file start_31.txt (compact mmCIF, C-alpha atoms)
# COMPACT_ATOMS: atom_id res chain seq x y z
CA MET G 165 -24.41 33.39 -38.08
CA ALA G 166 -25.38 31.14 -35.18
CA ALA G 167 -27.67 33.87 -33.86
CA MET G 168 -29.88 33.29 -36.87
CA HIS G 169 -30.44 29.69 -35.85
CA GLU G 170 -30.95 29.74 -32.06
CA GLU G 171 -32.90 26.49 -31.89
CA GLU G 172 -30.65 23.69 -30.73
CA VAL G 173 -30.59 20.62 -32.92
CA ILE G 174 -31.10 17.47 -30.87
CA GLU G 175 -29.07 14.66 -32.37
CA THR G 176 -30.12 11.03 -32.14
CA SER G 177 -27.07 9.06 -31.08
CA GLU G 178 -27.53 5.48 -32.24
CA CYS G 179 -25.92 3.30 -34.88
CA ALA G 180 -27.74 3.81 -38.16
CA ASN G 181 -27.31 0.14 -38.97
CA CYS G 182 -27.90 -1.86 -35.75
CA GLY G 183 -29.30 0.74 -33.34
CA ALA G 184 -26.51 0.45 -30.75
CA THR G 185 -26.09 3.47 -28.49
CA GLU G 186 -22.63 2.92 -27.02
CA ASP G 187 -19.13 3.53 -28.38
CA LEU G 188 -20.47 5.42 -31.37
CA LEU G 189 -18.50 7.33 -33.97
CA LYS G 190 -19.73 9.80 -36.59
CA CYS G 191 -19.20 9.28 -40.28
CA SER G 192 -15.97 11.14 -41.04
CA ARG G 193 -17.37 12.51 -44.28
CA CYS G 194 -20.82 13.89 -43.51
CA HIS G 195 -20.52 14.15 -39.69
CA THR G 196 -24.25 13.50 -39.31
CA THR G 197 -24.68 9.71 -39.10
CA TRP G 198 -23.51 7.49 -36.23
CA PHE G 199 -22.07 3.97 -36.43
CA CYS G 200 -20.84 1.57 -33.79
CA GLY G 201 -17.98 0.35 -35.97
CA VAL G 202 -16.52 -0.05 -39.43
CA LYS G 203 -18.48 -3.27 -40.00
CA CYS G 204 -21.85 -1.55 -39.55
CA GLN G 205 -20.71 1.46 -41.58
CA LYS G 206 -19.80 -0.79 -44.54
CA ALA G 207 -23.01 -2.75 -44.23
CA TYR G 208 -25.10 0.42 -44.22
CA TRP G 209 -23.14 2.18 -46.98
CA PRO G 210 -25.51 1.23 -49.87
CA PHE G 211 -28.26 3.17 -48.02
CA HIS G 212 -26.06 5.93 -46.66
CA LYS G 213 -24.06 6.88 -49.77
CA SER G 214 -26.92 8.79 -51.43
CA GLU G 215 -27.05 11.27 -48.53
CA CYS G 216 -23.42 11.23 -47.42
CA ARG G 217 -21.88 14.49 -48.57
CA CYS G 218 -18.90 16.41 -47.35
CA ASN G 219 -19.81 19.84 -46.00
CA GLU G 220 -16.60 21.85 -46.07
CA PHE G 221 -18.29 25.02 -44.89
CA ALA G 222 -19.68 23.32 -41.78
CA ASP G 223 -16.29 21.68 -41.14
CA ILE G 224 -14.57 25.07 -41.19
CA ILE G 225 -17.00 26.71 -38.73
CA GLU G 226 -17.39 23.63 -36.53
CA GLU G 227 -15.01 24.92 -33.88
CA SER G 228 -16.18 28.54 -33.74
CA GLU G 229 -19.89 28.02 -34.52
CA PRO G 230 -20.79 24.43 -33.54
CA LYS G 231 -24.53 25.14 -33.30
CA PHE G 232 -24.65 26.70 -36.75
CA ALA G 233 -22.55 23.87 -38.18
CA ARG G 234 -24.96 21.27 -36.77
CA TRP G 235 -27.90 23.26 -38.12
CA MET G 236 -26.42 23.31 -41.61
CA ARG G 237 -25.77 19.56 -41.56
CA SER G 238 -29.15 18.65 -40.15
CA HIS G 239 -30.96 20.80 -42.71
CA GLY G 240 -28.82 19.66 -45.59
CA LYS G 241 -27.33 23.11 -46.20
CA LEU G 242 -24.01 22.53 -47.92
CA ALA G 243 -23.13 26.14 -48.72
CA VAL G 244 -24.18 29.73 -48.22
CA LEU G 245 -25.52 30.93 -51.58
CA LYS G 246 -25.32 34.35 -53.11
CA ASP G 247 -28.31 36.04 -54.70
CA ASP G 248 -27.22 35.17 -58.23
CA GLU G 249 -26.83 31.51 -57.26
CA VAL G 250 -30.33 31.47 -55.78
CA ASP G 251 -31.56 32.95 -59.07
CA ARG G 252 -29.86 30.11 -60.95
CA LEU G 253 -31.68 27.55 -58.83
CA GLU G 254 -35.03 29.27 -59.38
CA ARG G 255 -34.49 29.47 -63.13
CA ALA G 256 -33.54 25.79 -63.24
CA SER G 257 -36.74 24.91 -61.34
CA SER G 258 -38.97 26.73 -63.83
CA ALA G 259 -37.07 25.94 -67.04
CA ALA G 260 -38.67 23.61 -69.55
CA SER G 261 -35.29 22.30 -70.71
CA GLY G 262 -31.65 22.37 -69.70
CA PRO G 263 -30.08 21.41 -66.36
CA SER G 264 -32.50 20.49 -63.58
CA ARG G 265 -32.52 22.10 -60.15
CA LEU G 266 -30.73 19.03 -58.76
CA ASP G 267 -28.03 19.32 -61.45
CA VAL G 268 -27.47 22.97 -60.58
CA MET G 269 -27.37 22.19 -56.87
CA ASP G 270 -24.83 19.43 -57.46
CA SER G 271 -22.68 21.86 -59.41
CA MET G 272 -22.67 24.43 -56.59
CA TYR G 273 -23.00 22.63 -53.26
CA GLY G 274 -20.20 21.00 -51.36
CA ARG G 275 -17.60 23.76 -51.90
CA LEU G 276 -16.70 26.84 -49.90
CA GLU G 277 -16.94 29.02 -52.99
CA PRO G 278 -19.77 27.49 -55.02
CA LYS G 279 -19.15 27.64 -58.75
CA PRO G 280 -20.77 25.77 -61.63
CA LYS G 281 -19.02 22.68 -62.86
CA GLU G 282 -17.08 22.96 -66.08
CA ALA G 283 -19.22 22.24 -69.10
CA SER G 284 -18.96 18.74 -70.49
CA TYR G 285 -19.19 18.12 -74.23
CA SER G 286 -19.57 15.07 -76.41
CA ALA G 287 -16.88 14.04 -78.88
CA GLU G 288 -18.97 15.44 -81.75
CA GLU G 289 -19.42 18.79 -79.98
CA ARG G 290 -15.71 19.03 -79.21
CA LEU G 291 -14.89 18.29 -82.85
CA ALA G 292 -17.35 20.95 -84.03
CA MET G 293 -15.85 23.52 -81.63
CA HIS G 294 -12.32 22.63 -82.80
CA ARG G 295 -13.34 23.09 -86.44
CA LYS G 296 -14.94 26.45 -85.64
CA ILE G 297 -11.80 27.64 -83.87
CA GLU G 298 -9.64 26.56 -86.82
CA GLU G 299 -12.00 28.30 -89.25
CA GLU G 300 -11.78 31.50 -87.22
CA LYS G 301 -7.98 31.29 -87.20
CA THR G 302 -7.94 30.73 -90.98
CA THR G 303 -10.29 33.68 -91.49
CA ALA G 304 -8.09 35.89 -89.31
CA ARG G 305 -4.93 34.88 -91.20
CA ARG G 306 -6.65 35.50 -94.52
CA ALA G 307 -7.95 38.89 -93.40
CA ALA G 308 -4.40 39.94 -92.51
CA LEU G 309 -3.39 39.38 -96.15
CA LEU G 310 -6.33 41.22 -97.74
CA PRO G 311 -5.99 44.76 -99.13
CA PRO G 312 -7.29 47.43 -96.72
CA SER G 313 -9.49 48.75 -99.52
CA TYR G 314 -11.23 45.37 -99.75
CA LEU G 315 -11.78 45.16 -96.00
CA ALA G 316 -13.24 48.68 -96.05
CA ILE G 317 -15.99 47.76 -98.53
CA ASP G 318 -19.33 48.27 -96.81
CA ILE G 319 -22.07 45.74 -97.52
CA PRO G 320 -25.48 47.10 -96.45
CA ARG G 321 -27.44 44.62 -94.38
CA ASP G 322 -29.47 42.12 -96.47
CA MET G 323 -28.30 43.85 -99.67
CA GLY G 324 -25.36 41.54 -100.35
CA MET G 325 -22.84 39.55 -98.36
CA ASP G 326 -19.25 38.56 -97.71
CA CYS G 327 -18.79 35.18 -99.37
CA GLY G 328 -15.20 34.63 -98.27
CA THR G 329 -13.39 34.82 -101.60
CA TYR G 330 -15.51 37.72 -102.81
CA ARG G 331 -18.04 40.30 -101.64
CA TRP G 332 -21.08 41.64 -103.41
CA LYS G 333 -23.86 44.17 -102.95
CA GLN G 334 -26.70 45.55 -105.04
CA THR G 335 -28.97 48.47 -105.78
CA GLN G 336 -32.26 48.39 -107.65
CA SER G 337 -30.36 48.60 -110.93
CA HIS G 338 -26.85 47.16 -110.43
CA VAL G 339 -24.93 44.33 -108.79
CA GLU G 340 -21.37 45.09 -107.69
CA ILE G 341 -18.88 42.27 -107.09
CA PHE G 342 -15.47 42.72 -105.40
CA LEU G 343 -12.55 40.30 -105.50
CA PRO G 344 -9.20 40.96 -103.76
CA LEU G 345 -6.23 40.51 -106.09
CA PRO G 346 -3.37 38.16 -105.19
CA GLU G 347 0.04 39.72 -104.58
CA ASN G 348 2.13 40.50 -107.69
CA ILE G 349 -0.52 39.32 -110.17
CA THR G 350 -0.34 40.95 -113.61
CA VAL G 351 -3.31 42.28 -115.50
CA SER G 352 -2.65 39.77 -118.27
CA LYS G 353 -3.32 37.00 -115.74
CA ILE G 354 -6.80 38.35 -114.99
CA SER G 355 -9.66 37.09 -117.16
CA VAL G 356 -13.22 38.37 -116.85
CA SER G 357 -16.01 37.19 -119.15
CA ILE G 358 -19.39 38.90 -118.80
CA LYS G 359 -22.33 37.44 -120.70
CA PRO G 360 -26.08 38.03 -120.35
CA SER G 361 -26.54 34.92 -118.21
CA HIS G 362 -23.02 33.88 -117.24
CA LEU G 363 -19.99 35.27 -115.43
CA THR G 364 -16.46 33.86 -115.38
CA VAL G 365 -13.54 35.28 -113.40
CA ASP G 366 -10.09 33.62 -113.52
CA PHE G 367 -6.90 34.62 -111.72
CA ASP G 368 -3.87 33.07 -113.41
CA GLU G 369 -6.15 30.43 -115.00
CA ARG G 370 -7.61 29.59 -111.58
CA PRO G 371 -11.43 29.92 -111.50
CA MET G 372 -12.55 32.41 -108.85
CA LEU G 373 -16.17 32.88 -109.88
CA LYS G 374 -17.89 30.90 -112.61
CA GLY G 375 -21.47 29.99 -113.41
CA LYS G 376 -24.94 31.10 -114.40
CA LEU G 377 -25.96 34.44 -112.95
CA TYR G 378 -28.89 34.68 -110.51
CA ARG G 379 -30.76 36.75 -113.11
CA GLU G 380 -29.96 38.05 -116.58
CA ILE G 381 -27.98 41.25 -117.10
CA LYS G 382 -27.23 43.68 -119.94
CA ALA G 383 -23.71 42.54 -120.74
CA ASP G 384 -22.92 45.40 -123.12
CA GLU G 385 -23.66 47.92 -120.35
CA SER G 386 -21.74 46.04 -117.65
CA THR G 387 -18.02 46.37 -117.01
CA TRP G 388 -15.09 45.60 -114.72
CA TYR G 389 -12.04 47.51 -113.54
CA ILE G 390 -9.22 47.36 -111.00
CA GLN G 391 -8.84 49.82 -108.15
CA ASP G 392 -6.62 49.65 -105.07
CA LYS G 393 -5.77 45.98 -105.61
CA VAL G 394 -9.44 45.04 -105.87
CA LEU G 395 -11.22 43.76 -108.97
CA GLU G 396 -14.63 45.40 -109.17
CA ILE G 397 -17.35 44.10 -111.49
CA VAL G 398 -20.44 46.21 -112.16
CA LEU G 399 -23.42 44.38 -113.68
CA LEU G 400 -26.52 46.18 -114.97
CA LYS G 401 -29.64 44.16 -114.19
CA ARG G 402 -31.81 43.44 -117.21
CA ASN G 403 -34.85 43.40 -114.93
CA ARG G 404 -34.54 46.54 -112.78
CA LYS G 405 -36.70 49.31 -111.34
CA GLY G 406 -38.66 51.00 -114.11
CA ASN G 407 -37.56 48.37 -116.63
CA TYR G 408 -39.45 45.18 -115.84
CA GLN G 409 -39.79 42.10 -117.97
CA ASP G 410 -43.31 40.83 -118.65
CA GLY G 411 -45.09 39.65 -115.52
CA MET G 412 -42.34 40.85 -113.15
CA THR G 413 -42.43 43.46 -110.39
CA ASN G 414 -39.85 45.41 -108.45
CA ALA G 415 -39.57 42.55 -105.96
CA ASP G 416 -38.32 40.34 -108.81
CA THR G 417 -35.34 42.64 -109.37
CA PHE G 418 -33.81 41.57 -106.04
CA TRP G 419 -30.86 39.16 -106.21
CA LYS G 420 -30.32 36.63 -103.40
CA SER G 421 -26.92 35.57 -104.73
CA VAL G 422 -24.52 36.28 -107.56
CA LEU G 423 -24.68 32.81 -109.09
CA LYS G 424 -27.74 30.64 -109.51
CA SER G 425 -25.83 27.60 -108.24
CA ALA G 426 -24.21 29.37 -105.26
CA PRO G 427 -23.89 27.26 -102.10
CA GLU G 428 -26.27 27.98 -99.25
CA THR G 429 -23.56 29.91 -97.40
CA GLU G 430 -23.44 32.42 -100.28
CA VAL G 431 -27.21 32.97 -100.54
CA LEU G 432 -29.20 35.60 -98.66
CA ALA G 433 -31.62 33.80 -96.34
CA LEU G 434 -34.55 36.08 -97.15
CA GLU G 435 -38.02 35.21 -98.38
CA HIS G 436 -38.71 38.76 -99.56
CA PRO G 437 -36.52 41.79 -100.32
CA PRO G 438 -35.83 43.98 -97.27
CA THR G 439 -37.58 47.34 -97.03
CA SER G 440 -34.22 49.09 -97.46
CA TYR G 441 -33.96 47.63 -100.97
CA TYR G 442 -36.86 49.74 -102.23
CA TRP G 443 -35.05 52.87 -101.05
CA ALA G 444 -31.76 51.88 -102.70
CA PRO G 445 -30.43 53.99 -105.61
CA CYS G 446 -31.45 53.17 -109.17
CA GLU G 447 -29.64 54.35 -112.30
CA ASP G 448 -31.23 54.22 -115.74
CA ALA G 449 -29.52 52.78 -118.80
CA GLY G 450 -28.27 56.20 -119.92
CA SER G 451 -26.36 56.85 -116.71
CA SER G 452 -25.07 53.28 -116.81
CA GLU G 453 -23.62 53.85 -120.28
CA LYS G 454 -21.84 56.97 -119.00
CA GLU G 455 -20.45 54.94 -116.12
CA VAL G 456 -19.18 52.28 -118.51
CA ARG G 457 -17.44 54.90 -120.66
CA ARG G 458 -15.86 56.43 -117.55
CA LEU G 459 -14.44 53.08 -116.53
CA GLN G 460 -12.95 52.19 -119.91
CA PRO G 461 -9.10 52.33 -120.19
CA SER G 462 -7.82 55.73 -121.18
CA LYS G 463 -6.01 56.32 -124.46
CA GLY G 464 -2.69 54.48 -124.60
CA GLN G 465 -3.58 52.25 -121.64
CA LYS G 466 -4.29 48.55 -122.14
CA ARG G 467 -5.49 45.90 -119.78
CA GLY G 468 -2.78 43.27 -119.37
CA ASP G 469 0.24 45.60 -119.53
CA GLY G 470 2.55 44.29 -116.79
CA ALA G 471 2.07 43.96 -113.06
CA VAL G 472 -0.70 45.66 -111.13
CA THR G 473 1.00 48.50 -109.28
CA PRO G 474 -0.53 51.17 -107.06
CA ALA G 475 0.15 53.77 -109.76
CA ALA G 476 -1.49 51.67 -112.46
CA LEU G 477 -4.47 50.92 -110.21
CA ALA G 478 -4.98 54.65 -109.56
CA GLU G 479 -5.26 55.24 -113.30
CA ALA G 480 -7.74 52.40 -113.91
call {"tool": "encode", "arguments": {"input": "start_31.txt", "output": "structure tokens"}}
result
Amino acid sequence: MAAMHEEEVIETSECANCGATEDLLKCSRCHTTWFCGVKCQKAYWPFHKSECRCNEFADIIEESEPKFARWMRSHGKLAVLKDDEVDRLERASSAASGPSRLDVMDSMYGRLEPKPKEASYSAEERLAMHRKIEEEKTTARRAALLPPSYLAIDIPRDMGMDCGTYRWKQTQSHVEIFLPLPENITVSKISVSIKPSHLTVDFDERPMLKGKLYREIKADESTWYIQDKVLEIVLLKRNRKGNYQDGMTNADTFWKSVLKSAPETEVLALEHPPTSYYWAPCEDAGSSEKEVRRLQPSKGQKRGDGAVTPAALAEA
């Protein structure tokens, strides 16, 4: 290392405070500034403290590489940086925001193994991070209790969303809504009311989904059924591809949410329908009526007969 810095550093040996040249001692911290005694050191401290830094690297090599150690101290080199650390300094110099070059240097220099300081956060930021962690834990616990069939439901990007208590997706003609059923709930405890402009879903008299629909539907050609511990609701859009209301186009058939009054977290943040929507399937009213008939309870089977069991769900 010393071979890289052959020039000898000539030190000026005089008290930084009074200029004395005899009986001098170096500052025990930075090893670069001389003082004739403790009195002068204390008197000069207000001026010296801004540049007085411990150089652990130079201290370690002082005995084996004294010339290199003096070079590092005289040039203010407090550490040997790796390429990635040099990159960090260069990015900090050119960045329009964030930590300055001096901040980055302070976080790295003065240690044998330079590493950034631990991030510091305000009380508000710490609270927000704590809430996020708790939300993630709650989501994970809830996911562990959900039916595998519900977790396996695929929601195409920008064609629906996972709203926490329910999921939904759409085609150019239908909206499908999925709600996981609580353990041991009976069919008689499930209430679904489908009207042209409103939808109400109750589990054991507890509202799960209730309000005015995003757009009108054809209630008589919409239905619901239970499969693999999941309540599935299929709504036929009144305004759909090939069946537009006056003044509407295919873009107006796109739903951004299930309910008109849905909170922002349950609304697709899109200004226009995605391109994939125009390639989505579209069933006409005739095929929808066949689908409704297929989903109706078979002869002798009634909704509300006892608990929802895997065998009963397979028949639904």
call {"tool": "closest_residue", "arguments": {"input": "start_31.txt", "among": "G:Ser177, G:Asn219, G:Ser257, G:Ser214", "to": "Arg193 in chain G", "atoms": "only C-alpha atoms"}}
result
G:Asn219
call {"tool": "closest_residue", "arguments": {"input": "start_31.txt", "among": "G:Asp223, G:Glu254, G:Glu430, G:Asp392", "to": "Asp326 in chain G", "atoms": "only C-alpha atoms"}}
result
G:Glu430
call {"tool": "residues_around", "arguments": {"input": "start_31.txt", "residues": "Arg370 in chain G", "least_positions_apart": "2", "cutoff": "12 Å", "atoms": "only C-alpha atoms", "output": "MDAnalysis selection string"}}
result
chainID G and resid 346 353:356 364:368 372:374
call {"tool": "residues_around", "arguments": {"input": "start_31.txt", "residues": "Glu340 in chain G", "least_positions_apart": "4", "cutoff": "7 Å", "atoms": "all atoms listed in the file", "output": "PyMOL selection string"}}
result
chain G and resi 332-334+396-399
call {"tool": "residues_near_point", "arguments": {"input": "start_31.txt", "point": "(-15.0, 39.6, -102.8)", "cutoff": "8 Å", "atoms": "only C-alpha atoms", "output": "ChimeraX atom specification"}}
result
/G:314,326-332,341-344
call {"tool": "write_last_selection", "arguments": {"input": "start_31.txt", "atoms": "C-alpha atoms", "output": "tab-separated table (two decimals), in the frame of the given file"}}
result
chain	number	residue	atom	x	y	z
G	314	TYR	CA	-11.23	45.37	-99.75
G	326	ASP	CA	-19.25	38.56	-97.71
G	327	CYS	CA	-18.79	35.18	-99.37
G	328	GLY	CA	-15.20	34.63	-98.27
G	329	THR	CA	-13.39	34.82	-101.60
G	330	TYR	CA	-15.51	37.72	-102.81
G	331	ARG	CA	-18.04	40.30	-101.64
G	332	TRP	CA	-21.08	41.64	-103.41
G	341	ILE	CA	-18.88	42.27	-107.09
G	342	PHE	CA	-15.47	42.72	-105.40
G	343	LEU	CA	-12.55	40.30	-105.50
G	344	PRO	CA	-9.20	40.96	-103.76
call {"tool": "atom_distance", "arguments": {"input": "start_31.txt", "atom1": "CA of Asp318 in chain G", "atom2": "CA of Leu395 in chain G"}}
result
15.3 Å
call {"tool": "closest_atom_pairs", "arguments": {"input": "start_31.txt", "of": "range 290-366 of chain G", "to": "range 401-404 of chain G", "cutoff": "7 Å", "atoms": "all atoms listed in the file", "output": "Markdown table"}}
result
| residue | atom | partner | partner_atom | distance |
| --- | --- | --- | --- | --- |
| G:Gln336 | CA | G:Arg404 | CA | 5.9 |
| G:Ser337 | CA | G:Arg404 | CA | 5.0 |
| G:His338 | CA | G:Lys401 | CA | 5.6 |
call {"tool": "write_last_selection", "arguments": {"input": "start_31.txt", "atoms": "C-alpha atoms", "output": "PDB file, in the coordinates of the input"}}
result
ATOM      1  CA  GLN G 336     -32.260  48.390-107.650  1.00  0.00           C
ATOM      2  CA  SER G 337     -30.360  48.600-110.930  1.00  0.00           C
ATOM      3  CA  HIS G 338     -26.850  47.160-110.430  1.00  0.00           C
TER       4      HIS G 338
END
call {"tool": "atom_distance", "arguments": {"input": "start_31.txt", "atom1": "CA of Tyr378 in chain G", "atom2": "CA of Pro427 in chain G"}}
result
12.3 Å
call {"tool": "residues_around", "arguments": {"input": "start_31.txt", "residues": "Glu178 in chain G", "least_positions_apart": "3", "cutoff": "8 Å", "atoms": "all atoms listed in the file", "output": "PyMOL selection string"}}
result
chain G and resi 183-186+188+198-200
